[in-house]
Structure formats: C-alpha cells, structure tokens
Amino acid sequence: RPLSDDDMAGRALAAAVCRRLDGIPLALELAAARLADLTLDQLHARLGERLPSLPDLPSPLDLLTSAPGERPHRHQTLRTAIGWSHELCAPLERLLWARLSVFTGGFCAETVQQVCAGGPLAPERIAGLLARLVAQSIVLPDPVISARYRMLDTVREYGTDWLHALGEERAVRRRHREHYARLAHQGCAEWNTGRQVAWCERVLSEHANFRAAVENALAEPDRAAAVEMAGHVGFLWRHCGYLREAQACLDEALAADPPPGHGRTLALWSRGAVA
C-alpha cells in the first residue's frame, strides 16, 4: 500500500531499505517485488539479516574466479540483492530462471515451453512459473511487443552461472539452437507466401536469438547442421536488412569447405544473394 504523508515510521523504514541497497534501481525493484508477500517491516528485517551474513552472495562461478574484495561495493550490493531474490524463489522458479538465461533479446511463452520444459519442469507448468518470475521482477514484460518477455543482462548472467553449475548449459543451449534452426527453416519455406510480413516481423524480434543460435551451431563439431542453419538464417537476414551479419555467418560456415549437399548449396545461394 502507498505510504501516507504522516507515516513517518514507514517512510523511515523505506529510506533505510533504499540506503541498504545503495539506491540501485534493479536491487530496489527486486526488493519491492517482495512486498506482495512481506510487510515493509519484514522486508527491512530480512535485508538486515541477509546482507551482513551473506555480504557478497555471488553466482557459483564468481566464487571460483574472484575474491569478494575484488568487486566494487555497489556491484557486490547488486549481486547480493539478486542472490537474495534467487534464494527466495521456489526451486522450480530457480530452474526456469536458469534455463531462461539461454535467450537473448527476449522470448515468448510458447518458445519458453519448447526450450525450457523437461525433467521436473513439465510443459503445463511453464506459464504459471513464468508469471511468478514476472511478479518478482526477475522477468520483465516487453514494453513494445505484447505476450513477449525479457530479462535484464545482470539477471540473465546470474541465471547463466547457475545453469552452468547445474550442468545443464550444453543441453539447454542445444534445445535453443534446434528450436531456432526449425524456426529459420519454416521461415524460409513460407517466405514467398502471404505470411512474408509476419515472418519479417518475427525475424526482427528474434534477431538476437537467431544470432546466438547460429554462433552456438558454428561452435559445434556438426558442421553440416551449422551450414544448413546459416543458409536459412542468412536468407532471412538478407531480406530483413542484416546484410553484414548474414555475410559474416555464411562466410564462417563455408570457410570449412563443407561437402556438397543441400545445406552447402543453400548456404552458397544465400551468400550469393547477400553479395
């Protein structure tokens, strides 16, 4: 509830919370999201308990790569606030947070279900868990595209470290890559139809994910799959204005001199169209 003008005690508590979090906007937003479950008194008490006892609650990889004193104080405060929010998430919310970190530039619920479901994360639970992460400000609604979401880089990086620590990074990135390979194939197949404008909009909104998927494919030993994906994505990028990126990914894919076949022919044709 809003603080009234004469609620001096409440205002003092709110100011103390802000000072505790160094006035960092993201840290404040993550803490404020907890007011749906906690009173301001309880929030202040929890921050008071956790920040001193966990002075730098980093990701698992941070623990291995640097000492607490090596990071600026404000960075430590932000990482602690993110870690505190992570600690208060339910186990399946934490798992979804970690798996969502493979996306760059945003995602929709349908794609999340295809990439992130598996094991304890049943497909039918994804929507509810995603809504919980939105309510906690871990995931943010896209300000422009409805039914689409995004994560701030700092929050996503925290999830990436946990995904690595869970030993799932390779598997989830593979599902991400395979999803966008199928999407690019479908986009090329339907390009010369009445759905061209819709596909152009889709390619523009998913550009960062296509880039990440292509880079991931090119880093894998299966060059045939990477060449075919580069051919499809390069074709779409050529028509949507990403000429330099199309050229770069196709040149890298073709540099290994892949054997003749459908994928190589497609990549060569796309490269010619880009030129």
# chains A, B, ... in the order shown; residues from 1 in each chain; ligands from 1

$ select_by_dssp --residues "stretch 73-204 of chain A" --states "helix (DSSP H, G or I)" --output "PyMOL selection string"
chain A and resi 73-88+91-100+109-116+123-135+153-166+169-189+196-204

$ residues_around --residues "A:Ser101" --least-positions-apart "6" --cutoff "12 Å" --atoms "only C-alpha atoms" --output "JSON, numbers by chain"
{"A": [94, 95, 107, 112, 115, 116, 138, 139, 150, 151, 152, 153, 154, 155, 156, 157, 158, 159, 160, 161, 162, 163, 164, 168, 169, 172, 173, 176, 209, 212]}

$ residues_around --residues "stretch 231-248 of chain A" --least-positions-apart "5" --cutoff "12 Å" --atoms "only C-alpha atoms" --output "MDAnalysis selection string"
chainID A and resid 177 180:192 196:215 217:218 224:226 253:255 262:275

$ atom_distance --atom1 "atom CA of A:Gly194" --atom2 "atom CA of A:Ala109"
24.9 Å

$ select_by_dssp --residues "stretch 43-206 of chain A" --states "strand (DSSP E or B)" --output "MDAnalysis selection string"
chainID A and resid 107:108 118 121 140:141 148:150

$ atom_distance --atom1 "atom CA of A:Gly105" --atom2 "atom CA of A:Leu26"
18.1 Å

$ residues_around --residues "A:Leu96" --least-positions-apart "4" --cutoff "9 Å" --atoms "only C-alpha atoms" --output "list of chain:residue names"
A:Pro91, A:Leu92, A:Leu100, A:Ser101, A:Cys116, A:Ala117, A:Leu121, A:Ile126, A:Leu129, A:Leu130, A:Leu133, A:Gly159

$ write_last_selection --atoms "all heavy atoms" --output "short mmCIF file (atom, residue, chain, number, x, y, z; two decimals), in the first residue's frame"
data_model
loop_
_atom_site.label_atom_id
_atom_site.label_comp_id
_atom_site.auth_asym_id
_atom_site.auth_seq_id
_atom_site.Cartn_x
_atom_site.Cartn_y
_atom_site.Cartn_z
N PRO A 91 12.10 -23.74 -5.86
CA PRO A 91 13.09 -24.49 -6.65
C PRO A 91 12.80 -24.50 -8.16
O PRO A 91 13.71 -24.32 -8.97
CB PRO A 91 13.01 -25.90 -6.06
CG PRO A 91 12.62 -25.67 -4.64
CD PRO A 91 11.67 -24.51 -4.67
N LEU A 92 11.54 -24.70 -8.56
CA LEU A 92 11.24 -24.74 -9.99
C LEU A 92 11.34 -23.35 -10.61
O LEU A 92 11.67 -23.22 -11.80
CB LEU A 92 9.84 -25.31 -10.23
CG LEU A 92 9.69 -26.82 -9.97
CD1 LEU A 92 8.28 -27.29 -10.30
CD2 LEU A 92 10.71 -27.62 -10.78
N LEU A 100 16.03 -19.93 -18.69
CA LEU A 100 15.69 -18.75 -19.49
C LEU A 100 16.93 -17.95 -19.90
O LEU A 100 16.88 -17.15 -20.84
CB LEU A 100 14.75 -17.83 -18.69
CG LEU A 100 13.30 -18.28 -18.53
CD1 LEU A 100 12.56 -17.34 -17.58
CD2 LEU A 100 12.58 -18.35 -19.87
N SER A 101 18.03 -18.18 -19.21
CA SER A 101 19.24 -17.39 -19.48
C SER A 101 19.83 -17.68 -20.85
O SER A 101 20.70 -16.95 -21.32
CB SER A 101 20.29 -17.63 -18.40
OG SER A 101 20.78 -18.97 -18.45
N CYS A 116 12.58 -24.73 -22.62
CA CYS A 116 12.89 -24.87 -21.20
C CYS A 116 12.21 -26.04 -20.50
O CYS A 116 12.61 -26.42 -19.40
CB CYS A 116 12.53 -23.58 -20.45
SG CYS A 116 13.48 -22.15 -21.00
N ALA A 117 11.16 -26.62 -21.10
CA ALA A 117 10.47 -27.73 -20.45
C ALA A 117 11.35 -28.97 -20.47
O ALA A 117 12.18 -29.15 -21.37
CB ALA A 117 9.14 -28.00 -21.14
N LEU A 121 10.44 -29.72 -14.88
CA LEU A 121 9.67 -28.60 -15.45
C LEU A 121 8.73 -29.13 -16.52
O LEU A 121 9.07 -29.20 -17.69
CB LEU A 121 10.61 -27.56 -16.06
CG LEU A 121 11.19 -26.48 -15.14
CD1 LEU A 121 12.04 -25.52 -15.95
CD2 LEU A 121 10.11 -25.74 -14.42
N ILE A 126 4.94 -24.29 -17.14
CA ILE A 126 5.79 -23.17 -17.57
C ILE A 126 5.08 -21.83 -17.43
O ILE A 126 5.64 -20.86 -16.89
CB ILE A 126 6.26 -23.37 -19.02
CG1 ILE A 126 7.19 -24.59 -19.12
CG2 ILE A 126 6.96 -22.13 -19.54
CD1 ILE A 126 8.52 -24.43 -18.46
N LEU A 129 4.84 -20.64 -13.77
CA LEU A 129 6.15 -20.28 -13.24
C LEU A 129 6.68 -18.99 -13.86
O LEU A 129 7.28 -18.16 -13.18
CB LEU A 129 7.15 -21.43 -13.48
CG LEU A 129 6.89 -22.71 -12.69
CD1 LEU A 129 7.73 -23.85 -13.23
CD2 LEU A 129 7.19 -22.50 -11.21
N LEU A 130 6.42 -18.82 -15.15
CA LEU A 130 6.84 -17.59 -15.82
C LEU A 130 6.12 -16.39 -15.22
O LEU A 130 6.73 -15.33 -14.98
CB LEU A 130 6.55 -17.70 -17.32
CG LEU A 130 7.06 -16.57 -18.22
CD1 LEU A 130 8.57 -16.41 -18.10
CD2 LEU A 130 6.66 -16.83 -19.66
N LEU A 133 7.78 -15.42 -11.98
CA LEU A 133 9.02 -14.68 -12.17
C LEU A 133 8.75 -13.24 -12.61
O LEU A 133 9.49 -12.33 -12.25
CB LEU A 133 9.91 -15.40 -13.20
CG LEU A 133 10.49 -16.75 -12.75
CD1 LEU A 133 11.30 -17.38 -13.87
CD2 LEU A 133 11.36 -16.60 -11.50
N GLY A 159 21.56 -16.12 -13.96
CA GLY A 159 20.95 -17.39 -14.34
C GLY A 159 21.90 -18.26 -15.15
O GLY A 159 21.91 -19.50 -14.99
#

$ closest_residue --among "A:Arg170, A:Leu13, A:Ala27, A:Gln113" --to "A:Arg79" --atoms "only C-alpha atoms"
A:Ala27

$ residues_around --residues "A:Leu28" --least-positions-apart "2" --cutoff "12 Å" --atoms "only C-alpha atoms" --output "VMD selection string"
chain A and resid 14 to 26 30 to 35 43 to 44 47 77 to 78 80 to 82 84 to 85 136 to 137

$ atom_distance --atom1 "atom CA of A:Arg99" --atom2 "atom CA of A:Gly119"
12.0 Å
